[in-house]
Amino acid sequence: MNKKEIIPVWGRILRGYRPFLSLEITKLCPLKCPGCYAYEPGHLNNGHRMKDLPEFVGDELIERTLALVARFRPLHVSFVGGEPLVRHRELTRLIPKLNNLGIEVQVVTSAVRQIPAEWTEFPNLHLAVSVDGLKNDHDARRAPATYERILRHMTGHRVIIHCTIIPRFLASGYLEEFVHFWSDQKSVRKILFSLFTPQRGVQIPERLTRAERGIAVDRIHSLRSKYTKVHAPDLVLEGFRHPPASPRDCIFTQVTTCISPDLATQIAPCQIGGRPECSECGCLAGAWLASVGRIKLAGLIKLSDIFAVSKKLGDCFRNGHNLRSRLPANPGLRTQ
Ligand code: SF4
Ligand code: SF4
């Protein structure tokens with residue numbers, strides 16, 4: 001989000017809406033990435049598993065998605081997975097409709113299949129391709145979305161390469177080799193890093209220690225001064241160093257609605273679902289907003305406090321509005 005976008009975002013919050021909507025548009029995915037949270041039993045927090053939910057295709061998916069957009073009135077919609085490209089036909093019809101509504105769209109994909117050529121014409125589309133480290137590691141972790149396929153499928157597009165750092169990627173020279181390779185690709189416009197966010201109490205090889213998080217942030221910092229495509233603002237790095245203590249302290253989760261493939265079940269507290277260890281959060285947007293919240297206006301009031309007041313006002317406004325719209329026009333006047 002840039003400075004120009006802050007005012008409309010604030011306007012939505014003051015009217016009681018969450019400006020960001022994240023949709024798991026399908027439960028299907030041909031990959032089996034280690035550390036994937038989407039198919040874990042606790043992801044939905046309601047005893048159901050994502051694979052048991054119904055999902056929609058064709059006109060029904062488009063209509064239901066637009067109905068959600070009308071209900072939540074987001075400024076930005078992220079399509080995540082499963083693998084969103086499984087529904088590329090529907091997305092090809094949906095993205096221009098969302099553009100007509102002034103909504104920015106992000107598609108987070110493994111690029112396991114060809115990204116449709118007509119998507120290069122969509123001005124509101126931001127394509128983020130997930131890459132898990134150097135070729136050998138990535139291909140082992142994310143086949144069939146191998147390096148060879150990603151390079152082929154993103155040709156002609158302008159994509160963001162997104163890498164989630166895990167301990168293995170902190171070997172000497174590893175991240176630099178990664179950035180060097182992807183910086184050289186003409187289709188790549190930006191390279192982003194996040195850190196692996198674990199679930200509470202789950203010990204897996206992807207989990208970073210506190211020391212490893214510090215090393216990762218230092219490496220990203222030094223890479224961004226050497227490679228112009230690495231986008232890592234100070235506020236994001238600061239947020240990685242000091243993540244929110246809990247979902248209650250996380251601004252990102254309070255401005256984003258996350259919905260699973262039945263287009264009804266909400267995922268909480270954030271897209272990761274389950275019980276994330278917020279104190280080890282590595283989410284880019286979460287980190288950026290955590291740091292923004294710590295900025296003090298005129299050195300006095302923290303932006304997070306202003307946000308909390310704005311959100312309360314917005315919730316009151318919307319509740320009052322909803323209540324008024326349910327009342328008869330003149331409750332004291334009987335018509336019969
Ligand atoms: S591509 Fe995404 S949804 Fe599919 S297995 Fe990997 S992390 Fe999970
Ligand atoms: S984005 Fe990070 S800090 Fe916020 S709720 Fe999710 S895991 Fe916790």
# chains A, B, ... in the order shown; residues from 1 in each chain; ligands from 1
call {"tool": "residues_around", "arguments": {"residues": "Gly35 of chain A", "least_positions_apart": "3", "cutoff": "9 Å", "atoms": "only C-alpha atoms", "output": "list in words"}}
result
Lys32, Phe196, Pro198, Ile204, Pro205 and Glu206 of chain A
call {"tool": "residues_near_ligand", "arguments": {"ligand": "ligand 2", "cutoff": "7 Å", "atoms": "only C-alpha atoms and all ligand atoms", "output": "list in words"}}
result
Thr197, Pro243, Pro244, Ala245, Ser246, Pro247, Cys250, Phe252, Thr253, Pro269, Cys270, Gln271, Ile272, Pro276, Glu277, Cys278, Ser279, Cys281, Gly282, Cys283 and Gly286 of chain A
call {"tool": "write_last_selection", "arguments": {"atoms": "C-alpha atoms", "output": "PDB file, in the first residue's frame"}}
result
ATOM      1  CA  THR A 197       5.193 -18.102  10.558  1.00  0.00           C
ATOM      2  CA  PRO A 243       5.992  -8.644  15.436  1.00  0.00           C
ATOM      3  CA  PRO A 244       2.614  -8.139  17.164  1.00  0.00           C
ATOM      4  CA  ALA A 245       2.309 -10.137  20.404  1.00  0.00           C
ATOM      5  CA  SER A 246      -1.144 -11.512  19.545  1.00  0.00           C
ATOM      6  CA  PRO A 247      -3.964 -11.138  16.980  1.00  0.00           C
ATOM      7  CA  CYS A 250      -2.242  -7.082  14.886  1.00  0.00           C
ATOM      8  CA  PHE A 252      -3.426  -6.418   9.617  1.00  0.00           C
ATOM      9  CA  THR A 253      -5.874  -8.990  10.927  1.00  0.00           C
ATOM     10  CA  PRO A 269      -7.208 -14.717  13.000  1.00  0.00           C
ATOM     11  CA  CYS A 270      -5.583 -14.143   9.592  1.00  0.00           C
ATOM     12  CA  GLN A 271      -5.061 -16.048   6.346  1.00  0.00           C
ATOM     13  CA  ILE A 272      -2.757 -18.511   8.134  1.00  0.00           C
ATOM     14  CA  PRO A 276      -0.380 -18.851  14.636  1.00  0.00           C
ATOM     15  CA  GLU A 277       2.549 -17.871  16.845  1.00  0.00           C
ATOM     16  CA  CYS A 278       2.156 -14.127  16.362  1.00  0.00           C
ATOM     17  CA  SER A 279       5.381 -13.370  18.238  1.00  0.00           C
ATOM     18  CA  CYS A 281       5.019 -13.705  12.602  1.00  0.00           C
ATOM     19  CA  GLY A 282       6.796 -13.267   9.301  1.00  0.00           C
ATOM     20  CA  CYS A 283       3.885 -11.872   7.292  1.00  0.00           C
ATOM     21  CA  GLY A 286       1.423  -7.721   9.141  1.00  0.00           C
TER      22      GLY A 286
END
call {"tool": "closest_residue", "arguments": {"among": "A:Gly81, A:Pro54, A:Pro116, A:Gly47", "to": "ligand 1", "atoms": "only C-alpha atoms and all ligand atoms"}}
result
A:Gly81
call {"tool": "residues_near_ligand", "arguments": {"ligand": "ligand 1", "cutoff": "7 Å", "atoms": "only C-alpha atoms and all ligand atoms", "output": "ChimeraX atom specification"}}
result
/A:29-33,36-38,81-83,109-110,142
call {"tool": "residues_around", "arguments": {"residues": "Ser78 of chain A", "least_positions_apart": "3", "cutoff": "12 Å", "atoms": "only C-alpha atoms", "output": "number ranges by chain"}}
result
A: 19-25, 65, 69, 74-75, 81, 84, 91, 95, 98, 103-109, 124-128, 256-259, 271
call {"tool": "write_last_selection", "arguments": {"atoms": "N, CA and C atoms", "output": "short mmCIF file (atom, residue, chain, number, x, y, z; two decimals), in the first residue's frame"}}
result
data_model
loop_
_atom_site.label_atom_id
_atom_site.label_comp_id
_atom_site.auth_asym_id
_atom_site.auth_seq_id
_atom_site.Cartn_x
_atom_site.Cartn_y
_atom_site.Cartn_z
N PRO A 19 -10.87 -3.05 4.61
CA PRO A 19 -10.54 -2.72 3.22
C PRO A 19 -9.89 -3.85 2.41
N PHE A 20 -9.47 -4.92 3.09
CA PHE A 20 -8.78 -6.00 2.37
C PHE A 20 -9.59 -7.30 2.50
N LEU A 21 -9.68 -8.01 1.37
CA LEU A 21 -10.41 -9.29 1.34
C LEU A 21 -9.49 -10.34 0.74
N SER A 22 -9.34 -11.44 1.45
CA SER A 22 -8.48 -12.52 0.96
C SER A 22 -9.35 -13.76 0.75
N LEU A 23 -9.38 -14.27 -0.47
CA LEU A 23 -10.27 -15.39 -0.80
C LEU A 23 -9.49 -16.64 -1.20
N GLU A 24 -9.76 -17.72 -0.50
CA GLU A 24 -9.25 -19.02 -0.95
C GLU A 24 -10.24 -19.47 -2.02
N ILE A 25 -9.91 -19.19 -3.25
CA ILE A 25 -10.90 -19.34 -4.32
C ILE A 25 -11.15 -20.81 -4.69
N THR A 65 -18.61 -14.55 -5.72
CA THR A 65 -17.46 -13.68 -5.38
C THR A 65 -17.89 -12.22 -5.45
N VAL A 69 -17.96 -9.30 -2.54
CA VAL A 69 -17.34 -7.98 -2.73
C VAL A 69 -18.37 -6.88 -2.41
N PRO A 74 -14.40 -4.28 -0.23
CA PRO A 74 -12.95 -4.12 -0.10
C PRO A 74 -12.38 -3.19 -1.17
N LEU A 75 -11.19 -2.70 -0.91
CA LEU A 75 -10.44 -1.93 -1.93
C LEU A 75 -9.43 -2.82 -2.62
N GLY A 81 -4.74 -19.72 -2.39
CA GLY A 81 -5.19 -21.08 -2.63
C GLY A 81 -5.33 -21.88 -1.36
N PRO A 84 -4.90 -20.70 -7.12
CA PRO A 84 -5.92 -19.90 -7.83
C PRO A 84 -5.94 -20.13 -9.33
N LEU A 91 -11.22 -16.37 -13.12
CA LEU A 91 -10.43 -15.17 -12.77
C LEU A 91 -10.32 -14.23 -13.98
N ILE A 95 -11.43 -10.52 -12.84
CA ILE A 95 -10.47 -9.43 -12.60
C ILE A 95 -10.90 -8.13 -13.29
N LEU A 98 -13.70 -6.54 -11.33
CA LEU A 98 -13.21 -5.89 -10.11
C LEU A 98 -12.50 -4.58 -10.47
N ILE A 103 -11.20 -1.89 -7.82
CA ILE A 103 -10.57 -2.77 -6.83
C ILE A 103 -9.27 -3.36 -7.38
N GLU A 104 -8.20 -3.23 -6.58
CA GLU A 104 -6.92 -3.84 -6.95
C GLU A 104 -6.98 -5.34 -6.64
N VAL A 105 -6.31 -6.14 -7.45
CA VAL A 105 -6.36 -7.60 -7.27
C VAL A 105 -4.94 -8.15 -7.19
N GLN A 106 -4.76 -9.06 -6.25
CA GLN A 106 -3.50 -9.80 -6.20
C GLN A 106 -3.81 -11.29 -6.37
N VAL A 107 -3.07 -11.95 -7.24
CA VAL A 107 -3.21 -13.41 -7.36
C VAL A 107 -1.88 -14.01 -6.88
N VAL A 108 -1.98 -14.83 -5.85
CA VAL A 108 -0.78 -15.47 -5.30
C VAL A 108 -0.75 -16.90 -5.85
N THR A 109 0.24 -17.19 -6.66
CA THR A 109 0.23 -18.47 -7.39
C THR A 109 1.59 -19.17 -7.33
N ASN A 124 -5.25 -3.64 -12.99
CA ASN A 124 -5.39 -3.74 -11.52
C ASN A 124 -4.78 -5.02 -10.96
N LEU A 125 -4.10 -5.80 -11.80
CA LEU A 125 -3.61 -7.12 -11.36
C LEU A 125 -2.16 -7.08 -10.89
N HIS A 126 -1.92 -7.68 -9.74
CA HIS A 126 -0.56 -7.87 -9.20
C HIS A 126 -0.36 -9.37 -9.05
N LEU A 127 0.60 -9.90 -9.78
CA LEU A 127 0.85 -11.35 -9.76
C LEU A 127 2.02 -11.67 -8.84
N ALA A 128 1.78 -12.48 -7.83
CA ALA A 128 2.87 -12.87 -6.93
C ALA A 128 3.13 -14.36 -7.10
N THR A 256 -8.47 -7.01 7.49
CA THR A 256 -8.57 -8.01 6.43
C THR A 256 -9.64 -9.05 6.76
N THR A 257 -10.47 -9.38 5.79
CA THR A 257 -11.42 -10.49 5.93
C THR A 257 -10.87 -11.65 5.10
N CYS A 258 -10.77 -12.83 5.71
CA CYS A 258 -10.24 -14.00 4.99
C CYS A 258 -11.34 -15.05 4.90
N ILE A 259 -11.57 -15.55 3.70
CA ILE A 259 -12.69 -16.48 3.49
C ILE A 259 -12.24 -17.72 2.73
N GLN A 271 -5.04 -15.04 7.40
CA GLN A 271 -5.06 -16.05 6.35
C GLN A 271 -4.42 -17.38 6.78
#
call {"tool": "residues_around", "arguments": {"residues": "Phe169 of chain A", "least_positions_apart": "4", "cutoff": "12 Å", "atoms": "only C-alpha atoms", "output": "ChimeraX atom specification"}}
result
/A:131-138,163-165,173-179,193,195-196,205-208,212-213,215-216,219-220
call {"tool": "write_last_selection", "arguments": {"atoms": "C-alpha atoms", "output": "mmCIF file, in the first residue's frame"}}
result
data_model
loop_
_atom_site.group_PDB
_atom_site.id
_atom_site.type_symbol
_atom_site.label_atom_id
_atom_site.label_comp_id
_atom_site.auth_asym_id
_atom_site.auth_seq_id
_atom_site.Cartn_x
_atom_site.Cartn_y
_atom_site.Cartn_z
ATOM 1 C CA VAL A 131 9.411 -19.526 -4.944
ATOM 2 C CA ASP A 132 10.908 -21.649 -2.168
ATOM 3 C CA GLY A 133 14.639 -21.016 -2.444
ATOM 4 C CA LEU A 134 17.167 -22.118 -5.054
ATOM 5 C CA LYS A 135 16.260 -24.552 -7.835
ATOM 6 C CA ASN A 136 17.155 -27.823 -6.077
ATOM 7 C CA ASP A 137 15.313 -26.954 -2.881
ATOM 8 C CA HIS A 138 12.398 -25.361 -4.678
ATOM 9 C CA CYS A 163 10.076 -16.184 -1.020
ATOM 10 C CA THR A 164 9.270 -17.274 2.522
ATOM 11 C CA ILE A 165 12.548 -17.675 4.381
ATOM 12 C CA GLY A 173 25.528 -16.934 0.070
ATOM 13 C CA TYR A 174 22.190 -18.724 -0.440
ATOM 14 C CA LEU A 175 19.835 -15.734 -0.508
ATOM 15 C CA GLU A 176 22.245 -13.692 -2.607
ATOM 16 C CA GLU A 177 22.385 -16.444 -5.240
ATOM 17 C CA PHE A 178 18.574 -16.543 -5.146
ATOM 18 C CA VAL A 179 18.220 -12.771 -5.602
ATOM 19 C CA PHE A 193 10.693 -11.853 1.361
ATOM 20 C CA LEU A 195 9.623 -15.184 7.213
ATOM 21 C CA PHE A 196 7.996 -18.512 7.986
ATOM 22 C CA PRO A 205 12.177 -27.683 10.198
ATOM 23 C CA GLU A 206 10.690 -24.491 8.661
ATOM 24 C CA ARG A 207 10.519 -22.751 12.047
ATOM 25 C CA LEU A 208 13.171 -20.061 12.561
ATOM 26 C CA GLU A 212 17.805 -16.981 12.690
ATOM 27 C CA ARG A 213 15.062 -14.350 12.314
ATOM 28 C CA ILE A 215 20.081 -13.118 10.565
ATOM 29 C CA ALA A 216 17.315 -13.259 7.936
ATOM 30 C CA ARG A 219 20.484 -10.490 5.022
ATOM 31 C CA ILE A 220 17.385 -8.931 3.438
#
call {"tool": "decode", "arguments": {"residues": "segment 40-156 of chain A", "atoms": "C-alpha atoms", "output": "JSON list (two decimals), in the first residue's frame"}}
result
[["chain", "number", "residue", "atom", "x", "y", "z"],
["A", 40, "GLU", "CA", -3.95, -28.56, 8.30],
["A", 41, "PRO", "CA", -6.86, -29.84, 10.43],
["A", 42, "GLY", "CA", -6.96, -26.65, 12.57],
["A", 43, "HIS", "CA", -6.80, -24.18, 9.67],
["A", 44, "LEU", "CA", -10.51, -23.27, 9.78],
["A", 45, "ASN", "CA", -10.81, -23.20, 13.58],
["A", 46, "ASN", "CA", -14.30, -24.79, 13.41],
["A", 47, "GLY", "CA", -13.52, -28.51, 13.32],
["A", 48, "HIS", "CA", -13.95, -28.73, 9.52],
["A", 49, "ARG", "CA", -11.12, -29.34, 7.08],
["A", 50, "MET", "CA", -10.72, -27.27, 3.96],
["A", 51, "LYS", "CA", -10.85, -30.37, 1.76],
["A", 52, "ASP", "CA", -14.37, -31.18, 3.07],
["A", 53, "LEU", "CA", -15.84, -27.78, 2.14],
["A", 54, "PRO", "CA", -17.93, -27.29, -0.98],
["A", 55, "GLU", "CA", -16.48, -25.01, -3.65],
["A", 56, "PHE", "CA", -17.84, -23.27, -6.72],
["A", 57, "VAL", "CA", -16.96, -23.05, -10.39],
["A", 58, "GLY", "CA", -18.04, -21.08, -13.46],
["A", 59, "ASP", "CA", -20.84, -18.50, -13.23],
["A", 60, "GLU", "CA", -21.68, -19.50, -9.68],
["A", 61, "LEU", "CA", -18.14, -18.76, -8.48],
["A", 62, "ILE", "CA", -18.17, -15.39, -10.24],
["A", 63, "GLU", "CA", -21.59, -14.38, -8.91],
["A", 64, "ARG", "CA", -20.82, -15.49, -5.35],
["A", 65, "THR", "CA", -17.46, -13.68, -5.38],
["A", 66, "LEU", "CA", -19.09, -10.46, -6.59],
["A", 67, "ALA", "CA", -21.76, -10.83, -3.90],
["A", 68, "LEU", "CA", -19.01, -11.07, -1.27],
["A", 69, "VAL", "CA", -17.34, -7.98, -2.73],
["A", 70, "ALA", "CA", -20.66, -6.09, -2.56],
["A", 71, "ARG", "CA", -21.05, -7.17, 1.06],
["A", 72, "PHE", "CA", -17.53, -6.45, 2.32],
["A", 73, "ARG", "CA", -16.72, -3.50, 0.01],
["A", 74, "PRO", "CA", -12.95, -4.12, -0.10],
["A", 75, "LEU", "CA", -10.44, -1.93, -1.93],
["A", 76, "HIS", "CA", -8.10, -4.84, -2.47],
["A", 77, "VAL", "CA", -8.85, -8.53, -3.11],
["A", 78, "SER", "CA", -6.24, -11.30, -2.86],
["A", 79, "PHE", "CA", -6.93, -14.61, -4.52],
["A", 80, "VAL", "CA", -4.99, -17.33, -2.74],
["A", 81, "GLY", "CA", -5.19, -21.08, -2.63],
["A", 82, "GLY", "CA", -5.25, -23.84, -2.98],
["A", 83, "GLU", "CA", -3.91, -22.83, -6.38],
["A", 84, "PRO", "CA", -5.92, -19.90, -7.83],
["A", 85, "LEU", "CA", -4.81, -20.72, -11.39],
["A", 86, "VAL", "CA", -7.01, -23.84, -11.14],
["A", 87, "ARG", "CA", -9.83, -21.28, -11.61],
["A", 88, "HIS", "CA", -8.08, -19.22, -14.32],
["A", 89, "ARG", "CA", -11.18, -19.06, -16.54],
["A", 90, "GLU", "CA", -13.27, -17.53, -13.77],
["A", 91, "LEU", "CA", -10.43, -15.17, -12.77],
["A", 92, "THR", "CA", -10.11, -13.99, -16.37],
["A", 93, "ARG", "CA", -13.73, -12.82, -16.14],
["A", 94, "LEU", "CA", -13.60, -11.60, -12.55],
["A", 95, "ILE", "CA", -10.47, -9.43, -12.60],
["A", 96, "PRO", "CA", -11.82, -6.90, -15.17],
["A", 97, "LYS", "CA", -15.14, -6.72, -13.28],
["A", 98, "LEU", "CA", -13.21, -5.89, -10.11],
["A", 99, "ASN", "CA", -11.20, -3.32, -12.05],
["A", 100, "ASN", "CA", -14.48, -1.64, -13.06],
["A", 101, "LEU", "CA", -15.29, -1.38, -9.35],
["A", 102, "GLY", "CA", -11.91, 0.27, -8.70],
["A", 103, "ILE", "CA", -10.57, -2.77, -6.83],
["A", 104, "GLU", "CA", -6.92, -3.84, -6.95],
["A", 105, "VAL", "CA", -6.36, -7.60, -7.27],
["A", 106, "GLN", "CA", -3.50, -9.80, -6.20],
["A", 107, "VAL", "CA", -3.21, -13.41, -7.36],
["A", 108, "VAL", "CA", -0.78, -15.47, -5.30],
["A", 109, "THR", "CA", 0.23, -18.47, -7.39],
["A", 110, "SER", "CA", 2.78, -21.24, -7.75],
["A", 111, "ALA", "CA", 2.70, -20.66, -11.55],
["A", 112, "VAL", "CA", 2.20, -24.40, -11.95],
["A", 113, "ARG", "CA", 0.28, -23.73, -15.15],
["A", 114, "GLN", "CA", 0.47, -21.07, -17.85],
["A", 115, "ILE", "CA", -0.62, -17.62, -16.65],
["A", 116, "PRO", "CA", -3.21, -16.56, -19.25],
["A", 117, "ALA", "CA", -1.76, -14.16, -21.85],
["A", 118, "GLU", "CA", -4.74, -11.77, -21.57],
["A", 119, "TRP", "CA", -3.85, -11.10, -17.94],
["A", 120, "THR", "CA", -1.05, -8.79, -19.17],
["A", 121, "GLU", "CA", -3.87, -6.36, -20.11],
["A", 122, "PHE", "CA", -5.32, -6.10, -16.60],
["A", 123, "PRO", "CA", -4.18, -2.81, -15.03],
["A", 124, "ASN", "CA", -5.39, -3.74, -11.52],
["A", 125, "LEU", "CA", -3.61, -7.12, -11.36],
["A", 126, "HIS", "CA", -0.56, -7.87, -9.20],
["A", 127, "LEU", "CA", 0.85, -11.35, -9.76],
["A", 128, "ALA", "CA", 2.87, -12.87, -6.93],
["A", 129, "VAL", "CA", 4.71, -16.11, -7.68],
["A", 130, "SER", "CA", 5.87, -18.15, -4.69],
["A", 131, "VAL", "CA", 9.41, -19.53, -4.94],
["A", 132, "ASP", "CA", 10.91, -21.65, -2.17],
["A", 133, "GLY", "CA", 14.64, -21.02, -2.44],
["A", 134, "LEU", "CA", 17.17, -22.12, -5.05],
["A", 135, "LYS", "CA", 16.26, -24.55, -7.84],
["A", 136, "ASN", "CA", 17.16, -27.82, -6.08],
["A", 137, "ASP", "CA", 15.31, -26.95, -2.88],
["A", 138, "HIS", "CA", 12.40, -25.36, -4.68],
["A", 139, "ASP", "CA", 11.87, -28.22, -7.11],
["A", 140, "ALA", "CA", 12.00, -30.74, -4.27],
["A", 141, "ARG", "CA", 9.53, -28.72, -2.17],
["A", 142, "ARG", "CA", 7.14, -27.44, -4.84],
["A", 143, "ALA", "CA", 7.04, -29.93, -7.74],
["A", 144, "PRO", "CA", 5.23, -29.90, -10.14],
["A", 145, "ALA", "CA", 5.63, -26.07, -10.01],
["A", 146, "THR", "CA", 9.33, -26.36, -10.79],
["A", 147, "TYR", "CA", 11.74, -23.55, -11.77],
["A", 148, "GLU", "CA", 11.48, -24.66, -15.38],
["A", 149, "ARG", "CA", 7.69, -24.31, -15.35],
["A", 150, "ILE", "CA", 7.68, -20.98, -13.51],
["A", 151, "LEU", "CA", 10.13, -19.47, -16.00],
["A", 152, "ARG", "CA", 8.05, -20.71, -18.90],
["A", 153, "HIS", "CA", 4.67, -19.76, -17.47],
["A", 154, "MET", "CA", 5.55, -16.21, -16.40],
["A", 155, "THR", "CA", 7.08, -15.21, -19.75],
["A", 156, "GLY", "CA", 5.50, -12.00, -21.03]]
